[in-house]
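The block underneath contains the structure these notes are about, expressed in structure tokens.
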Amino acid sequence: MKRVLLCAGVYLMCCSFTGREVVASEAEAENNEVKAGNYVSAVYNQIDFGSNRLSYDVFEKAYHGYLNLKSEGKLKGNILTVCNFELSSVENRMWIIDMNKKKVLFNTYVAHGQGSGDEYAVSFSNKENSHKSSLGFYVTGETYRGEHGTSLRLDGMDAGYNTAARARGVVVHGSEYVNARVVDSRGKLGRSWGCPAVSSRLSLPIINTIKDGNCLFIYYPEKKYFASSYWLNKKIDGVQENVFAANLPTEKVIQYMTNERVDSVKTISIQ
């Protein structure tokens, strides 16, 4: 009887320690998640969006995937491009952000595929000849000369959602149906065969800015995609506060304007 009681006591002790370890592990994971959330929020508040601020919810997902792609060595550059296809095509729904400088470089029109919808994109596909846009994270590739001039190849990173992009010829290119004149005359942008097409006037500077290993994210609030995307569901690596804090700017430049001209400039420290 004594032997049985002794074994039972040891068993209970083991269960108790295991339980503490699980609780501690869960608490640490929750703490890291809070740190990561705080970091993303801090970065968002540092970005100079100008007059057209990207939604925080969209940015949070875009930046989460960007950080995970970065940590796995998929990205060479620090440019994050976000296409918010929840918005109407008449809006400037493409943001190109320099994550080092915390500044929006371009905020402009971007077309969706004609198979995805009319003024709004509502349907998406990874299939050939669907003429639909594809959701998810892309890594920008090399440029080439095509029927639309200089164009930029894309490699889809989300299995089942955009990995056929290169085979389908889904690229960034310029087009004459992407500009304010088209919006004024038709009440919407023209549409592509699935490519995130931009204005012909801006295509070259945009492509030269985002080419060669930068991140492009096509967003739409599709729950199935949110639940299955590896890049969105993977925990952000390196969430220690000192690592994250090193990426935040320490100074902010304020310009004082008089009659639309810079009157003076002041640099302040960011605590």
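By convention here, the chains of the structure tokens are called A, B, ... in the order presented, each chain's residues are numbered starting at 1, and ligands are numbered starting at 1 in the order presented.
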Do a neighbour search on Ile207 of chain A at 12 Å with only C-alpha atoms, toss out local chain neighbours closer than 4 positions, and write the hits as a compact mmCIF listing (two decimals) with C-alpha atoms, in the first residue's frame.
```txt
# COMPACT_ATOMS: atom_id res chain seq x y z
CA ILE A 79 9.33 48.20 -49.24
CA THR A 81 3.11 47.45 -51.00
CA ILE A 96 3.74 51.71 -51.22
CA PHE A 106 3.04 56.22 -53.51
CA THR A 140 8.45 40.97 -56.33
CA GLY A 141 10.79 39.55 -58.94
CA GLU A 142 12.58 40.79 -62.03
CA THR A 143 11.45 43.24 -64.71
CA TYR A 144 10.94 42.52 -68.41
CA GLY A 149 6.22 48.16 -71.54
CA THR A 150 8.38 47.55 -68.49
CA SER A 151 6.56 45.06 -66.26
CA LEU A 152 7.35 43.32 -62.99
CA ARG A 153 7.02 39.60 -62.30
CA LEU A 154 5.48 38.41 -59.03
CA VAL A 171 2.49 41.01 -63.07
CA VAL A 172 2.62 44.69 -62.17
CA HIS A 173 2.32 46.75 -65.36
CA GLY A 174 1.15 50.13 -66.52
CA PRO A 196 -2.46 44.66 -60.20
CA ALA A 197 -2.16 47.22 -63.01
CA VAL A 198 -1.18 50.82 -62.27
CA SER A 199 -1.16 54.10 -64.18
CA SER A 200 1.12 54.16 -67.22
CA ARG A 201 2.45 57.48 -65.98
CA LEU A 202 3.54 55.98 -62.66
CA SER A 203 4.35 52.42 -63.68
CA LYS A 211 11.21 45.30 -57.76
CA ASP A 212 13.77 42.66 -56.72
CA GLY A 213 12.61 41.06 -53.51
CA ASN A 214 10.09 43.35 -51.87
CA LEU A 216 3.32 43.07 -52.11
```
- Task: List the neighbours of Arg191 of chain A out to 10 Å using only C-alpha atoms; skip same-chain residues closer than 3 positions along the sequence, and give me the result as number ranges by chain.
- Result: A: 89, 110-119, 121, 131-132, 175, 177-178, 188, 194-197
Just to be explicit: take each residue in the selection above, keep N, CA and C atoms, and write the result as a CSV table (one decimal), in the first residue's frame.
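Okay, this is what ended up in out.csv:
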```csv
chain,number,residue,atom,x,y,z
A,89,SER,N,-12.6,50.7,-56.8
A,89,SER,CA,-11.5,51.0,-57.7
A,89,SER,C,-11.4,52.4,-58.0
A,110,VAL,N,-5.1,51.2,-58.4
A,110,VAL,CA,-4.6,49.9,-58.8
A,110,VAL,C,-5.8,49.2,-59.3
A,111,ALA,N,-5.7,48.5,-60.4
A,111,ALA,CA,-6.8,47.8,-61.0
A,111,ALA,C,-6.9,46.3,-60.5
A,112,HIS,N,-8.1,45.8,-60.5
A,112,HIS,CA,-8.2,44.3,-60.2
A,112,HIS,C,-8.6,43.6,-61.5
A,113,GLY,N,-8.7,42.3,-61.4
A,113,GLY,CA,-9.0,41.5,-62.6
A,113,GLY,C,-10.5,41.6,-63.0
A,114,GLN,N,-10.8,41.6,-64.3
A,114,GLN,CA,-12.2,41.7,-64.7
A,114,GLN,C,-13.1,40.6,-64.2
A,115,GLY,N,-12.5,39.4,-64.0
A,115,GLY,CA,-13.2,38.3,-63.4
A,115,GLY,C,-13.5,38.4,-61.9
A,116,SER,N,-12.9,39.4,-61.3
A,116,SER,CA,-13.1,39.6,-59.8
A,116,SER,C,-14.3,40.5,-59.5
A,117,GLY,N,-14.7,41.3,-60.5
A,117,GLY,CA,-15.8,42.2,-60.2
A,117,GLY,C,-15.8,43.4,-61.0
A,118,ASP,N,-16.7,44.3,-60.8
A,118,ASP,CA,-16.8,45.5,-61.6
A,118,ASP,C,-16.1,46.7,-60.9
A,119,GLU,N,-16.9,47.5,-60.3
A,119,GLU,CA,-16.2,48.6,-59.5
A,119,GLU,C,-15.4,48.0,-58.3
A,121,ALA,N,-13.9,44.6,-56.3
A,121,ALA,CA,-13.4,43.2,-56.4
A,121,ALA,C,-14.1,42.3,-55.4
A,131,HIS,N,-9.1,35.2,-65.1
A,131,HIS,CA,-9.0,36.7,-65.2
A,131,HIS,C,-9.4,37.3,-63.9
A,132,LYS,N,-9.1,36.6,-62.8
A,132,LYS,CA,-9.4,37.1,-61.5
A,132,LYS,C,-8.1,37.5,-60.8
A,175,SER,N,-1.0,50.8,-67.4
A,175,SER,CA,-2.1,50.7,-68.3
A,175,SER,C,-2.8,52.0,-68.5
A,177,TYR,N,-5.9,52.4,-68.8
A,177,TYR,CA,-7.3,52.4,-68.2
A,177,TYR,C,-7.2,52.6,-66.7
A,178,VAL,N,-6.0,53.0,-66.2
A,178,VAL,CA,-5.9,53.2,-64.8
A,178,VAL,C,-5.4,54.7,-64.6
A,188,LYS,N,-15.5,54.2,-62.7
A,188,LYS,CA,-14.7,53.1,-62.2
A,188,LYS,C,-13.5,53.0,-63.0
A,194,GLY,N,-6.2,40.1,-64.2
A,194,GLY,CA,-5.8,39.5,-62.9
A,194,GLY,C,-4.6,40.2,-62.4
A,195,CYS,N,-4.0,41.1,-63.2
A,195,CYS,CA,-2.8,41.8,-62.8
A,195,CYS,C,-3.1,43.1,-61.9
A,196,PRO,N,-2.3,43.4,-60.9
A,196,PRO,CA,-2.5,44.7,-60.2
A,196,PRO,C,-1.9,45.8,-61.1
A,197,ALA,N,-2.6,46.2,-62.0
A,197,ALA,CA,-2.2,47.2,-63.0
A,197,ALA,C,-2.2,48.6,-62.4
```
- Query: Could you pull out all residues of segment 18-221 of chain A with a DSSP call of strand (DSSP E or B) and give them as a ChimeraX atom specification?
  - Reply: /A:48,79-84,94-98,103-108,113,136-146,149-156,171-172,174-175,192,198-199,215-219
Saved selection, atoms kept: N, CA and C atoms, as a compact mmCIF listing (two decimals), in the first residue's frame:
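The result, written out as result.txt:
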```
# COMPACT_ATOMS: atom_id res chain seq x y z
N ASP A 48 4.22 58.12 -41.97
CA ASP A 48 3.65 59.32 -42.56
C ASP A 48 2.74 58.90 -43.72
N ILE A 79 10.52 47.54 -48.71
CA ILE A 79 9.33 48.20 -49.24
C ILE A 79 8.13 47.27 -49.08
N LEU A 80 7.06 47.78 -48.50
CA LEU A 80 5.81 47.04 -48.34
C LEU A 80 4.73 47.70 -49.18
N THR A 81 4.19 46.96 -50.15
CA THR A 81 3.11 47.45 -51.00
C THR A 81 1.82 46.77 -50.58
N VAL A 82 0.78 47.57 -50.33
CA VAL A 82 -0.51 47.04 -49.90
C VAL A 82 -1.58 47.49 -50.89
N CYS A 83 -2.31 46.52 -51.44
CA CYS A 83 -3.46 46.80 -52.31
C CYS A 83 -4.71 46.40 -51.54
N ASN A 84 -5.51 47.36 -51.14
CA ASN A 84 -6.70 47.07 -50.36
C ASN A 84 -7.89 46.91 -51.30
N MET A 94 -3.83 51.64 -53.38
CA MET A 94 -2.49 51.05 -53.32
C MET A 94 -1.58 51.97 -52.52
N TRP A 95 -0.99 51.41 -51.47
CA TRP A 95 -0.01 52.14 -50.66
C TRP A 95 1.35 51.47 -50.80
N ILE A 96 2.37 52.23 -51.14
CA ILE A 96 3.74 51.71 -51.22
C ILE A 96 4.54 52.41 -50.13
N ILE A 97 4.98 51.63 -49.14
CA ILE A 97 5.54 52.18 -47.91
C ILE A 97 7.01 51.78 -47.75
N ASP A 98 7.87 52.75 -47.52
CA ASP A 98 9.25 52.48 -47.15
C ASP A 98 9.27 52.24 -45.65
N LYS A 103 7.53 55.90 -44.32
CA LYS A 103 6.93 56.92 -45.19
C LYS A 103 6.24 56.27 -46.38
N VAL A 104 5.07 56.80 -46.75
CA VAL A 104 4.36 56.33 -47.95
C VAL A 104 4.99 57.00 -49.17
N LEU A 105 5.47 56.19 -50.09
CA LEU A 105 6.12 56.71 -51.30
C LEU A 105 5.11 56.96 -52.42
N PHE A 106 4.12 56.07 -52.52
CA PHE A 106 3.04 56.22 -53.51
C PHE A 106 1.73 55.81 -52.87
N ASN A 107 0.67 56.55 -53.18
CA ASN A 107 -0.69 56.15 -52.82
C ASN A 107 -1.54 56.45 -54.05
N THR A 108 -1.96 55.40 -54.74
CA THR A 108 -2.50 55.60 -56.07
C THR A 108 -3.52 54.53 -56.44
N GLY A 113 -8.68 42.29 -61.41
CA GLY A 113 -9.03 41.49 -62.58
C GLY A 113 -10.50 41.61 -62.96
N GLY A 136 -3.38 37.63 -51.20
CA GLY A 136 -2.23 37.17 -50.44
C GLY A 136 -0.94 37.93 -50.65
N PHE A 137 0.12 37.29 -50.14
CA PHE A 137 1.46 37.88 -50.14
C PHE A 137 2.26 37.44 -51.36
N TYR A 138 2.95 38.40 -51.96
CA TYR A 138 3.83 38.16 -53.10
C TYR A 138 5.22 38.72 -52.78
N VAL A 139 6.21 38.13 -53.42
CA VAL A 139 7.55 38.71 -53.43
C VAL A 139 7.81 39.18 -54.85
N THR A 140 8.22 40.43 -54.99
CA THR A 140 8.45 40.97 -56.33
C THR A 140 9.71 40.36 -56.93
N GLY A 141 9.67 40.17 -58.25
CA GLY A 141 10.79 39.55 -58.94
C GLY A 141 11.50 40.53 -59.87
N GLU A 142 11.81 40.02 -61.07
CA GLU A 142 12.58 40.79 -62.03
C GLU A 142 11.65 41.53 -63.00
N THR A 143 12.21 42.50 -63.70
CA THR A 143 11.45 43.24 -64.71
C THR A 143 11.69 42.63 -66.08
N TYR A 144 10.79 42.95 -67.02
CA TYR A 144 10.94 42.52 -68.41
C TYR A 144 10.15 43.49 -69.29
N ARG A 145 10.41 43.47 -70.57
CA ARG A 145 9.68 44.31 -71.52
C ARG A 145 8.58 43.48 -72.16
N GLY A 146 7.33 43.90 -71.96
CA GLY A 146 6.20 43.19 -72.52
C GLY A 146 5.29 44.11 -73.31
N GLY A 149 4.96 47.51 -71.88
CA GLY A 149 6.22 48.16 -71.54
C GLY A 149 6.92 47.44 -70.40
N THR A 150 7.68 48.17 -69.63
CA THR A 150 8.38 47.55 -68.49
C THR A 150 7.36 47.01 -67.50
N SER A 151 7.49 45.73 -67.17
CA SER A 151 6.56 45.06 -66.26
C SER A 151 7.36 44.30 -65.21
N LEU A 152 6.68 43.92 -64.14
CA LEU A 152 7.35 43.32 -62.99
C LEU A 152 6.72 41.98 -62.63
N ARG A 153 7.52 40.93 -62.65
CA ARG A 153 7.02 39.60 -62.30
C ARG A 153 6.82 39.47 -60.79
N LEU A 154 5.83 38.63 -60.43
CA LEU A 154 5.48 38.41 -59.03
C LEU A 154 5.49 36.92 -58.71
N ASP A 155 5.97 36.59 -57.53
CA ASP A 155 5.93 35.20 -57.05
C ASP A 155 5.00 35.14 -55.85
N GLY A 156 3.89 34.38 -56.00
CA GLY A 156 2.92 34.25 -54.92
C GLY A 156 3.45 33.35 -53.81
N VAL A 171 1.34 40.13 -63.25
CA VAL A 171 2.49 41.01 -63.07
C VAL A 171 2.00 42.42 -62.75
N VAL A 172 2.90 43.25 -62.30
CA VAL A 172 2.62 44.69 -62.17
C VAL A 172 2.99 45.34 -63.50
N GLY A 174 1.88 48.90 -66.31
CA GLY A 174 1.15 50.13 -66.52
C GLY A 174 0.03 49.93 -67.52
N SER A 175 -1.02 50.76 -67.39
CA SER A 175 -2.13 50.68 -68.34
C SER A 175 -2.82 52.02 -68.48
N SER A 192 -8.04 44.52 -65.35
CA SER A 192 -6.99 43.73 -65.99
C SER A 192 -7.45 42.28 -66.16
N VAL A 198 -1.26 49.45 -62.78
CA VAL A 198 -1.18 50.82 -62.27
C VAL A 198 -1.17 51.79 -63.45
N SER A 199 -1.18 53.06 -63.15
CA SER A 199 -1.16 54.10 -64.18
C SER A 199 0.11 54.00 -65.03
N CYS A 215 7.97 43.11 -50.75
CA CYS A 215 6.69 42.48 -50.42
C CYS A 215 5.52 43.25 -51.02
N LEU A 216 4.58 42.50 -51.63
CA LEU A 216 3.32 43.07 -52.11
C LEU A 216 2.20 42.22 -51.53
N PHE A 217 1.19 42.88 -50.96
CA PHE A 217 0.08 42.18 -50.31
C PHE A 217 -1.23 42.64 -50.91
N ILE A 218 -2.02 41.70 -51.42
CA ILE A 218 -3.37 42.00 -51.91
C ILE A 218 -4.36 41.56 -50.85
N TYR A 219 -5.07 42.54 -50.31
CA TYR A 219 -5.97 42.32 -49.18
C TYR A 219 -7.42 42.30 -49.61
```
- atom CA of Gln46 of chain A to atom CA of Lys101 of chain A: how many Å, to one decimal? 9.4 Å
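Here the question is which of A:His64, A:Leu189, A:Arg181, A:Asn100 gets nearest to Tyr120 of chain A using only C-alpha atoms, and that residue is A:Leu189.
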- Task: Enumerate, as a VMD selection string, the complete set of residues in segment 69-264 of chain A that a backbone-based DSSP assignment places in alpha helix (DSSP H).
- Result: chain A and resid 69 to 71 165 to 168 180 to 186 200 to 210 223 to 228 230 to 233 241 to 245
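Between atom CA of Met99 of chain A and atom CA of Asn78 of chain A there is a distance of 5.6 Å.
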- Task: Find the spatial neighbours of Val40 of chain A, counting only C-alpha atoms, within a cut-off of 9 Å - ignore same-chain residues fewer than 5 positions away - and output them as JSON, numbers by chain.
- Result: {"A": [35, 45, 59, 60, 63, 64]}
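Among the candidates A:Pro205, A:Pro221, A:Ala36, A:Asn52, the residue lying nearest to Val122 of chain A is A:Pro221 (atoms considered: only C-alpha atoms).
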- Message: Quick one: residues within 6 Å of Asn162 of chain A, only C-alpha atoms, excluding same-chain residues fewer than 3 positions away - as a PyMOL selection string?
- Response: chain A and resi 126+134+156+158+165
How would the residues just chosen look if you wrote them out with N, CA and C atoms as a PDB file, in the first residue's frame?
```
ATOM      1  N   ASN A 126      -6.880  31.507 -58.127  1.00  0.00           N
ATOM      2  CA  ASN A 126      -5.483  31.193 -58.447  1.00  0.00           C
ATOM      3  C   ASN A 126      -5.400  30.433 -59.768  1.00  0.00           C
ATOM      4  N   SER A 134      -5.679  37.553 -57.373  1.00  0.00           N
ATOM      5  CA  SER A 134      -5.375  36.526 -56.379  1.00  0.00           C
ATOM      6  C   SER A 134      -4.960  37.187 -55.071  1.00  0.00           C
ATOM      7  N   GLY A 156       3.889  34.384 -56.000  1.00  0.00           N
ATOM      8  CA  GLY A 156       2.922  34.246 -54.918  1.00  0.00           C
ATOM      9  C   GLY A 156       3.455  33.355 -53.810  1.00  0.00           C
ATOM     10  N   ASP A 158       1.365  32.460 -51.005  1.00  0.00           N
ATOM     11  CA  ASP A 158       0.277  31.815 -50.272  1.00  0.00           C
ATOM     12  C   ASP A 158      -0.253  30.615 -51.042  1.00  0.00           C
ATOM     13  N   ALA A 165       0.783  32.661 -59.804  1.00  0.00           N
ATOM     14  CA  ALA A 165       0.898  34.004 -60.374  1.00  0.00           C
ATOM     15  C   ALA A 165       1.893  34.069 -61.522  1.00  0.00           C
TER      16      ALA A 165
END
```
